[in-house]
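Asks: Sharing target-v3.cif, mmCIF, N, CA, C and O atoms:
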data_my_file
#
loop_
_atom_site.group_PDB
_atom_site.id
_atom_site.type_symbol
_atom_site.label_atom_id
_atom_site.label_comp_id
_atom_site.auth_asym_id
_atom_site.auth_seq_id
_atom_site.Cartn_x
_atom_site.Cartn_y
_atom_site.Cartn_z
ATOM 1 N N SER S 1396 60.198 -40.384 -6.653
ATOM 2 C CA SER S 1396 61.323 -41.139 -6.115
ATOM 3 C C SER S 1396 60.809 -42.226 -5.179
ATOM 4 O O SER S 1396 59.707 -42.161 -4.652
ATOM 5 N N ASN S 1397 61.639 -43.205 -4.941
ATOM 6 C CA ASN S 1397 61.254 -44.304 -4.056
ATOM 7 C C ASN S 1397 61.025 -43.836 -2.632
ATOM 8 O O ASN S 1397 60.162 -44.349 -1.943
ATOM 9 N N VAL S 1398 61.802 -42.856 -2.202
ATOM 10 C CA VAL S 1398 61.647 -42.342 -0.838
ATOM 11 C C VAL S 1398 60.257 -41.744 -0.666
ATOM 12 O O VAL S 1398 59.568 -42.009 0.315
ATOM 13 N N ARG S 1399 59.818 -40.970 -1.632
ATOM 14 C CA ARG S 1399 58.491 -40.341 -1.559
ATOM 15 C C ARG S 1399 57.385 -41.394 -1.554
ATOM 16 O O ARG S 1399 56.421 -41.288 -0.820
ATOM 17 N N LYS S 1400 57.522 -42.422 -2.374
ATOM 18 C CA LYS S 1400 56.534 -43.504 -2.414
ATOM 19 C C LYS S 1400 56.422 -44.177 -1.058
ATOM 20 O O LYS S 1400 55.328 -44.432 -0.563
ATOM 21 N N HIS S 1401 57.566 -44.471 -0.474
ATOM 22 C CA HIS S 1401 57.574 -45.140 0.828
ATOM 23 C C HIS S 1401 57.032 -44.226 1.916
ATOM 24 O O HIS S 1401 56.350 -44.667 2.832
ATOM 25 N N PHE S 1402 57.322 -42.938 1.817
ATOM 26 C CA PHE S 1402 56.837 -41.965 2.791
ATOM 27 C C PHE S 1402 55.309 -41.911 2.780
ATOM 28 O O PHE S 1402 54.667 -41.941 3.822
ATOM 29 N N ILE S 1403 54.720 -41.832 1.591
ATOM 30 C CA ILE S 1403 53.260 -41.785 1.476
ATOM 31 C C ILE S 1403 52.653 -43.050 2.059
ATOM 32 O O ILE S 1403 51.700 -43.000 2.840
ATOM 33 N N TYR S 1404 53.194 -44.180 1.689
ATOM 34 C CA TYR S 1404 52.667 -45.455 2.180
ATOM 35 C C TYR S 1404 52.838 -45.563 3.695
ATOM 36 O O TYR S 1404 51.922 -45.958 4.409
ATOM 37 N N PHE S 1405 54.010 -45.194 4.195
ATOM 38 C CA PHE S 1405 54.288 -45.265 5.630
ATOM 39 C C PHE S 1405 53.304 -44.416 6.430
ATOM 40 O O PHE S 1405 52.733 -44.870 7.409
ATOM 41 N N PHE S 1406 53.096 -43.166 6.012
ATOM 42 C CA PHE S 1406 52.178 -42.289 6.743
ATOM 43 C C PHE S 1406 50.756 -42.822 6.737
ATOM 44 O O PHE S 1406 50.049 -42.728 7.733
ATOM 45 N N SER S 1407 50.319 -43.376 5.616
ATOM 46 C CA SER S 1407 48.964 -43.924 5.591
ATOM 47 C C SER S 1407 48.851 -45.111 6.536
ATOM 48 O O SER S 1407 47.828 -45.285 7.203
ATOM 49 N N GLN S 1408 49.909 -45.905 6.647
ATOM 50 C CA GLN S 1408 49.910 -47.045 7.564
ATOM 51 C C GLN S 1408 49.941 -46.591 9.019
ATOM 52 O O GLN S 1408 49.244 -47.139 9.872
ATOM 53 N N VAL S 1409 50.742 -45.589 9.332
ATOM 54 C CA VAL S 1409 50.814 -45.054 10.694
ATOM 55 C C VAL S 1409 49.462 -44.482 11.101
ATOM 56 O O VAL S 1409 48.980 -44.727 12.215
ATOM 57 N N PHE S 1410 48.841 -43.745 10.194
ATOM 58 C CA PHE S 1410 47.533 -43.163 10.490
ATOM 59 C C PHE S 1410 46.525 -44.260 10.811
ATOM 60 O O PHE S 1410 45.788 -44.166 11.800
ATOM 61 N N GLN S 1411 46.497 -45.319 10.012
ATOM 62 C CA GLN S 1411 45.551 -46.412 10.246
ATOM 63 C C GLN S 1411 45.843 -47.117 11.567
ATOM 64 O O GLN S 1411 44.933 -47.414 12.344
ATOM 65 N N LEU S 1412 47.099 -47.384 11.842
ATOM 66 C CA LEU S 1412 47.491 -48.060 13.081
ATOM 67 C C LEU S 1412 47.089 -47.249 14.309
ATOM 68 O O LEU S 1412 46.496 -47.780 15.259
ATOM 69 N N LEU S 1413 47.387 -45.963 14.309
ATOM 70 C CA LEU S 1413 47.058 -45.125 15.458
ATOM 71 C C LEU S 1413 45.548 -44.947 15.618
ATOM 72 O O LEU S 1413 45.045 -44.903 16.744
ATOM 73 N N THR S 1414 44.836 -44.862 14.513
ATOM 74 C CA THR S 1414 43.380 -44.761 14.584
ATOM 75 C C THR S 1414 42.793 -46.025 15.200
ATOM 76 O O THR S 1414 41.911 -45.957 16.065
ATOM 77 N N ASP S 1415 43.283 -47.184 14.785
ATOM 78 C CA ASP S 1415 42.815 -48.456 15.349
ATOM 79 C C ASP S 1415 43.147 -48.555 16.832
ATOM 80 O O ASP S 1415 42.316 -48.978 17.638
ATOM 81 N N LEU S 1416 44.361 -48.172 17.203
ATOM 82 C CA LEU S 1416 44.783 -48.221 18.600
ATOM 83 C C LEU S 1416 43.936 -47.298 19.469
ATOM 84 O O LEU S 1416 43.512 -47.669 20.569
ATOM 85 N N LYS S 1417 43.660 -46.126 18.963
ATOM 86 C CA LYS S 1417 42.823 -45.169 19.694
ATOM 87 C C LYS S 1417 41.428 -45.752 19.927
ATOM 88 O O LYS S 1417 40.874 -45.643 21.027
ATOM 89 N N GLN S 1418 40.875 -46.402 18.918
ATOM 90 C CA GLN S 1418 39.556 -47.017 19.048
ATOM 91 C C GLN S 1418 39.581 -48.168 20.063
ATOM 92 O O GLN S 1418 38.664 -48.302 20.882
ATOM 93 N N GLN S 1419 40.609 -48.973 20.043
ATOM 94 C CA GLN S 1419 40.735 -50.086 20.995
ATOM 95 C C GLN S 1419 40.794 -49.572 22.427
ATOM 96 O O GLN S 1419 40.173 -50.138 23.323
ATOM 97 N N ARG S 1420 41.534 -48.505 22.634
ATOM 98 C CA ARG S 1420 41.644 -47.936 23.978
ATOM 99 C C ARG S 1420 40.311 -47.370 24.442
ATOM 100 O O ARG S 1420 39.942 -47.489 25.603
ATOM 101 N N LYS S 1421 39.609 -46.743 23.521
ATOM 102 C CA LYS S 1421 38.308 -46.180 23.860
ATOM 103 C C LYS S 1421 37.339 -47.296 24.268
ATOM 104 O O LYS S 1421 36.589 -47.167 25.223
ATOM 105 N N GLU S 1422 37.389 -48.406 23.552
ATOM 106 C CA GLU S 1422 36.503 -49.533 23.829
ATOM 107 C C GLU S 1422 36.869 -50.252 25.125
ATOM 108 O O GLU S 1422 35.996 -50.785 25.791
ATOM 109 N N SER S 1423 38.165 -50.256 25.484
ATOM 110 C CA SER S 1423 38.581 -50.937 26.707
ATOM 111 C C SER S 1423 38.185 -50.159 27.955
ATOM 112 O O SER S 1423 38.038 -50.731 29.030
ATOM 113 N N GLY S 1424 38.038 -48.851 27.829
ATOM 114 C CA GLY S 1424 37.565 -48.018 28.934
ATOM 115 C C GLY S 1424 38.541 -47.861 30.082
ATOM 116 O O GLY S 1424 38.150 -47.547 31.203
ATOM 117 N N LYS S 1425 39.818 -48.045 29.851
ATOM 118 C CA LYS S 1425 40.817 -47.870 30.913
ATOM 119 C C LYS S 1425 41.025 -46.388 31.179
ATOM 120 O O LYS S 1425 41.406 -45.637 30.302
ATOM 121 N N ASN S 1426 40.807 -45.980 32.405
ATOM 122 C CA ASN S 1426 40.938 -44.565 32.756
ATOM 123 C C ASN S 1426 42.240 -44.242 33.483
ATOM 124 O O ASN S 1426 42.788 -43.171 33.336
ATOM 125 N N LYS S 1427 42.710 -45.149 34.327
ATOM 126 C CA LYS S 1427 43.924 -44.891 35.098
ATOM 127 C C LYS S 1427 45.151 -45.087 34.203
ATOM 128 O O LYS S 1427 45.328 -46.130 33.611
ATOM 129 N N GLN S 1428 45.989 -44.039 34.122
ATOM 130 C CA GLN S 1428 47.135 -44.086 33.229
ATOM 131 C C GLN S 1428 48.409 -43.641 33.938
ATOM 132 O O GLN S 1428 48.386 -42.697 34.722
ATOM 133 N N SER S 1429 49.490 -44.300 33.604
ATOM 134 C CA SER S 1429 50.793 -43.923 34.143
ATOM 135 C C SER S 1429 51.313 -42.709 33.374
ATOM 136 O O SER S 1429 50.765 -42.308 32.352
ATOM 137 N N SER S 1430 52.402 -42.155 33.880
ATOM 138 C CA SER S 1430 53.034 -41.018 33.205
ATOM 139 C C SER S 1430 53.487 -41.407 31.803
ATOM 140 O O SER S 1430 53.320 -40.648 30.853
ATOM 141 N N GLY S 1431 54.045 -42.606 31.672
ATOM 142 C CA GLY S 1431 54.483 -43.091 30.364
ATOM 143 C C GLY S 1431 53.318 -43.236 29.403
ATOM 144 O O GLY S 1431 53.426 -42.919 28.226
ATOM 145 N N GLN S 1432 52.203 -43.721 29.933
ATOM 146 C CA GLN S 1432 51.009 -43.888 29.104
ATOM 147 C C GLN S 1432 50.473 -42.527 28.657
ATOM 148 O O GLN S 1432 50.036 -42.372 27.518
ATOM 149 N N GLN S 1433 50.524 -41.553 29.531
ATOM 150 C CA GLN S 1433 50.080 -40.206 29.165
ATOM 151 C C GLN S 1433 50.961 -39.617 28.070
ATOM 152 O O GLN S 1433 50.476 -38.959 27.157
ATOM 153 N N ASN S 1434 52.276 -39.873 28.167
ATOM 154 C CA ASN S 1434 53.206 -39.408 27.130
ATOM 155 C C ASN S 1434 52.889 -40.065 25.783
ATOM 156 O O ASN S 1434 52.894 -39.404 24.747
ATOM 157 N N LEU S 1435 52.610 -41.376 25.819
ATOM 158 C CA LEU S 1435 52.255 -42.090 24.600
ATOM 159 C C LEU S 1435 50.969 -41.527 24.002
ATOM 160 O O LEU S 1435 50.863 -41.341 22.791
ATOM 161 N N ASN S 1436 49.999 -41.232 24.848
ATOM 162 C CA ASN S 1436 48.745 -40.649 24.368
ATOM 163 C C ASN S 1436 48.990 -39.304 23.686
ATOM 164 O O ASN S 1436 48.374 -38.998 22.666
ATOM 165 N N THR S 1437 49.883 -38.503 24.254
ATOM 166 C CA THR S 1437 50.205 -37.208 23.662
ATOM 167 C C THR S 1437 50.858 -37.387 22.298
ATOM 168 O O THR S 1437 50.505 -36.698 21.332
ATOM 169 N N ILE S 1438 51.784 -38.322 22.200
ATOM 170 C CA ILE S 1438 52.453 -38.600 20.923
ATOM 171 C C ILE S 1438 51.436 -39.078 19.891
ATOM 172 O O ILE S 1438 51.444 -38.627 18.739
ATOM 173 N N MET S 1439 50.548 -39.975 20.294
ATOM 174 C CA MET S 1439 49.515 -40.466 19.382
ATOM 175 C C MET S 1439 48.625 -39.319 18.908
ATOM 176 O O MET S 1439 48.330 -39.196 17.716
ATOM 177 N N TYR S 1440 48.206 -38.479 19.838
ATOM 178 C CA TYR S 1440 47.332 -37.352 19.506
ATOM 179 C C TYR S 1440 47.997 -36.410 18.507
ATOM 180 O O TYR S 1440 47.408 -36.037 17.499
ATOM 181 N N GLU S 1441 49.234 -36.026 18.806
ATOM 182 C CA GLU S 1441 49.941 -35.082 17.940
ATOM 183 C C GLU S 1441 50.200 -35.683 16.557
ATOM 184 O O GLU S 1441 50.098 -34.993 15.543
ATOM 185 N N THR S 1442 50.541 -36.968 16.512
ATOM 186 C CA THR S 1442 50.799 -37.626 15.235
ATOM 187 C C THR S 1442 49.528 -37.711 14.405
ATOM 188 O O THR S 1442 49.527 -37.407 13.210
ATOM 189 N N LEU S 1443 48.430 -38.135 15.028
ATOM 190 C CA LEU S 1443 47.157 -38.208 14.314
ATOM 191 C C LEU S 1443 46.704 -36.829 13.833
ATOM 192 O O LEU S 1443 46.192 -36.681 12.725
ATOM 193 N N LYS S 1444 46.909 -35.825 14.664
ATOM 194 C CA LYS S 1444 46.537 -34.465 14.295
ATOM 195 C C LYS S 1444 47.319 -34.008 13.059
ATOM 196 O O LYS S 1444 46.746 -33.445 12.129
ATOM 197 N N TYR S 1445 48.612 -34.287 13.044
ATOM 198 C CA TYR S 1445 49.445 -33.895 11.907
ATOM 199 C C TYR S 1445 49.048 -34.656 10.639
ATOM 200 O O TYR S 1445 48.822 -34.062 9.583
ATOM 201 N N ILE S 1446 48.978 -35.984 10.738
ATOM 202 C CA ILE S 1446 48.694 -36.804 9.559
ATOM 203 C C ILE S 1446 47.294 -36.531 9.021
ATOM 204 O O ILE S 1446 47.072 -36.584 7.816
ATOM 205 N N SER S 1447 46.359 -36.207 9.903
ATOM 206 C CA SER S 1447 44.988 -35.976 9.440
ATOM 207 C C SER S 1447 44.887 -34.731 8.556
ATOM 208 O O SER S 1447 43.905 -34.556 7.844
ATOM 209 N N LYS S 1448 45.911 -33.896 8.568
ATOM 210 C CA LYS S 1448 45.942 -32.706 7.718
ATOM 211 C C LYS S 1448 46.637 -32.966 6.385
ATOM 212 O O LYS S 1448 46.790 -32.051 5.584
ATOM 213 N N THR S 1449 47.062 -34.197 6.150
ATOM 214 C CA THR S 1449 47.747 -34.551 4.913
ATOM 215 C C THR S 1449 46.858 -35.475 4.087
ATOM 216 O O THR S 1449 45.913 -36.071 4.608
ATOM 217 N N PRO S 1450 47.158 -35.624 2.805
ATOM 218 C CA PRO S 1450 46.382 -36.548 1.971
ATOM 219 C C PRO S 1450 46.465 -38.006 2.432
ATOM 220 O O PRO S 1450 45.614 -38.813 2.080
ATOM 221 N N CYS S 1451 47.458 -38.334 3.229
ATOM 222 C CA CYS S 1451 47.611 -39.710 3.711
ATOM 223 C C CYS S 1451 46.380 -40.189 4.474
ATOM 224 O O CYS S 1451 46.111 -41.383 4.530
ATOM 225 N N ARG S 1452 45.647 -39.267 5.034
ATOM 226 C CA ARG S 1452 44.446 -39.621 5.791
ATOM 227 C C ARG S 1452 43.450 -40.399 4.935
ATOM 228 O O ARG S 1452 42.725 -41.249 5.423
ATOM 229 N N TYR S 1453 43.417 -40.108 3.650
ATOM 230 C CA TYR S 1453 42.419 -40.699 2.765
ATOM 231 C C TYR S 1453 42.938 -41.880 1.955
ATOM 232 O O TYR S 1453 42.231 -42.403 1.112
ATOM 233 N N GLN S 1454 44.156 -42.296 2.210
ATOM 234 C CA GLN S 1454 44.757 -43.349 1.410
ATOM 235 C C GLN S 1454 44.732 -44.688 2.122
ATOM 236 O O GLN S 1454 44.859 -44.764 3.335
ATOM 237 N N SER S 1455 44.581 -45.712 1.331
ATOM 238 C CA SER S 1455 44.670 -47.081 1.821
ATOM 239 C C SER S 1455 45.821 -47.747 1.073
ATOM 240 O O SER S 1455 46.278 -47.219 0.051
ATOM 241 N N PRO S 1456 46.279 -48.885 1.545
ATOM 242 C CA PRO S 1456 47.349 -49.570 0.808
ATOM 243 C C PRO S 1456 46.960 -49.837 -0.655
ATOM 244 O O PRO S 1456 47.780 -49.695 -1.555
ATOM 245 N N GLU S 1457 45.700 -50.143 -0.884
ATOM 246 C CA GLU S 1457 45.250 -50.413 -2.249
ATOM 247 C C GLU S 1457 45.315 -49.165 -3.135
ATOM 248 O O GLU S 1457 45.782 -49.231 -4.273
ATOM 249 N N THR S 1458 44.889 -48.023 -2.610
ATOM 250 C CA THR S 1458 44.937 -46.796 -3.422
ATOM 251 C C THR S 1458 46.373 -46.374 -3.704
ATOM 252 O O THR S 1458 46.656 -45.862 -4.785
ATOM 253 N N VAL S 1459 47.265 -46.595 -2.759
ATOM 254 C CA VAL S 1459 48.683 -46.273 -2.990
ATOM 255 C C VAL S 1459 49.236 -47.177 -4.082
ATOM 256 O O VAL S 1459 49.917 -46.714 -5.002
ATOM 257 N N ARG S 1460 48.935 -48.485 -4.020
ATOM 258 C CA ARG S 1460 49.407 -49.416 -5.055
ATOM 259 C C ARG S 1460 48.849 -49.038 -6.428
ATOM 260 O O ARG S 1460 49.573 -49.055 -7.421
ATOM 261 N N GLU S 1461 47.564 -48.691 -6.486
ATOM 262 C CA GLU S 1461 46.951 -48.300 -7.756
ATOM 263 C C GLU S 1461 47.608 -47.049 -8.327
ATOM 264 O O GLU S 1461 47.886 -46.964 -9.527
ATOM 265 N N PHE S 1462 47.864 -46.073 -7.473
ATOM 266 C CA PHE S 1462 48.515 -44.845 -7.914
ATOM 267 C C PHE S 1462 49.918 -45.130 -8.454
ATOM 268 O O PHE S 1462 50.291 -44.647 -9.529
ATOM 269 N N LEU S 1463 50.690 -45.904 -7.716
ATOM 270 C CA LEU S 1463 52.057 -46.198 -8.147
ATOM 271 C C LEU S 1463 52.063 -46.971 -9.459
ATOM 272 O O LEU S 1463 52.899 -46.712 -10.333
ATOM 273 N N ALA S 1464 51.124 -47.896 -9.621
ATOM 274 C CA ALA S 1464 51.034 -48.652 -10.870
ATOM 275 C C ALA S 1464 50.667 -47.720 -12.024
ATOM 276 O O ALA S 1464 51.228 -47.828 -13.124
ATOM 277 N N ALA S 1465 49.736 -46.795 -11.801
ATOM 278 C CA ALA S 1465 49.324 -45.859 -12.846
ATOM 279 C C ALA S 1465 50.445 -44.920 -13.245
ATOM 280 O O ALA S 1465 50.563 -44.522 -14.410
ATOM 281 N N MET S 1466 51.292 -44.536 -12.308
ATOM 282 C CA MET S 1466 52.364 -43.581 -12.572
ATOM 283 C C MET S 1466 53.636 -44.233 -13.107
ATOM 284 O O MET S 1466 54.511 -43.547 -13.631
ATOM 285 N N LYS S 1467 53.734 -45.531 -12.985
ATOM 286 C CA LYS S 1467 54.965 -46.233 -13.355
ATOM 287 C C LYS S 1467 55.390 -45.949 -14.796
ATOM 288 O O LYS S 1467 56.556 -45.757 -15.083
ATOM 289 N N GLY S 1468 54.451 -45.897 -15.718
ATOM 290 C CA GLY S 1468 54.767 -45.693 -17.125
ATOM 291 C C GLY S 1468 55.196 -44.278 -17.477
ATOM 292 O O GLY S 1468 55.677 -44.031 -18.577
ATOM 293 N N HIS S 1469 55.062 -43.343 -16.578
ATOM 294 C CA HIS S 1469 55.387 -41.948 -16.867
ATOM 295 C C HIS S 1469 56.855 -41.590 -16.641
ATOM 296 O O HIS S 1469 57.298 -40.507 -16.982
ATOM 297 N N LYS S 1470 57.600 -42.482 -16.017
ATOM 298 C CA LYS S 1470 59.033 -42.299 -15.793
ATOM 299 C C LYS S 1470 59.368 -40.960 -15.150
ATOM 300 O O LYS S 1470 60.249 -40.221 -15.590
ATOM 301 N N LEU S 1471 58.648 -40.619 -14.099
ATOM 302 C CA LEU S 1471 58.897 -39.381 -13.369
ATOM 303 C C LEU S 1471 60.132 -39.544 -12.496
ATOM 304 O O LEU S 1471 60.349 -40.575 -11.889
ATOM 305 N N THR S 1472 60.942 -38.502 -12.415
ATOM 306 C CA THR S 1472 62.150 -38.571 -11.598
ATOM 307 C C THR S 1472 62.093 -37.669 -10.384
ATOM 308 O O THR S 1472 62.843 -37.842 -9.448
ATOM 309 N N LYS S 1473 61.227 -36.655 -10.386
ATOM 310 C CA LYS S 1473 61.119 -35.769 -9.235
ATOM 311 C C LYS S 1473 59.682 -35.439 -8.965
ATOM 312 O O LYS S 1473 58.846 -35.473 -9.772
#
Written as structure tokens, how would this file's structure read?
Replies:
Amino acid sequence: SNVRKHFIYFFSQVFQLLTDLKQQRKESGKNKQSSGQQNLNTIMYETLKYISKTPCRYQSPETVREFLAAMKGHKLTK
């Protein structure tokens, strides 16, 4: 279904975005954090932890497009 396709693509994009953001923060070396920043860090950590346990961790936009193109001819409904 279209919802599932978008879900897979969305999670792979979120995983990449959060991984990049985490790396940027590590490189900036900012140690002092507000309460809001600590909450954001917790959300990022939990989200990355969850997504890293799914196949989305290994997907790129190109692999998702290739998969969808390969499956298009099979007319799957569920």
Asks: For atom C of Glu1461 in chain S and CA of Thr1449 in chain S, determine how far apart the two atoms are, in Å to one decimal place.
Replies: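 Atom-to-atom, atom C of Glu1461 in chain S to CA of Thr1449 in chain S, that is 18.2 Å.
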Asks: Kindly give the distance, in Å, that separates CA of Phe1462 in chain S and CA of Tyr1404 in chain S, rounded to a single decimal.
Replies: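 Result for CA of Phe1462 in chain S versus CA of Tyr1404 in chain S: 10.9 Å, one decimal.
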Asks: Calculate how many Å separate atom O of Lys1444 in chain S from atom N of Thr1414 in chain S, rounding to one decimal.
Replies: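 Between atom O of Lys1444 in chain S and atom N of Thr1414 in chain S the gap works out to 11.8 Å.
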Asks: Select, from S:Ser1407, S:Ala1465, S:Leu1435, S:Asp1415, the residue with the minimum atom-to-atom distance to Pro1450 in chain S, counting only N, CA, C and O atoms.
Replies: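 Of S:Ser1407, S:Ala1465, S:Leu1435, S:Asp1415, the one nearest Pro1450 in chain S is S:Ser1407, counting only N, CA, C and O atoms.
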Asks: Would you mind listing what lies within 12 Å of Ile1403 in chain S as a list of chain:residue names, with only C-alpha atoms counted and same-chain residues fewer than 6 positions away left out?
Replies: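 Near neighbours after the sequence-gap exclusion: S:Ser1396, S:Asn1397, S:Val1409, S:Phe1410, S:Ile1446, S:Thr1449, S:Pro1450, S:Cys1451, S:Arg1452, S:Tyr1453, S:Gln1454, S:Ser1455, S:Pro1456, S:Thr1458, S:Val1459, S:Arg1460, S:Phe1462, S:Leu1463.
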Asks: Could you give me, as a PyMOL selection string, each residue of chain S that DSSP assigns to alpha helix (DSSP H) when run on this structure's backbone?
Replies: chain S and resi 1397-1423+1430-1446+1456-1466
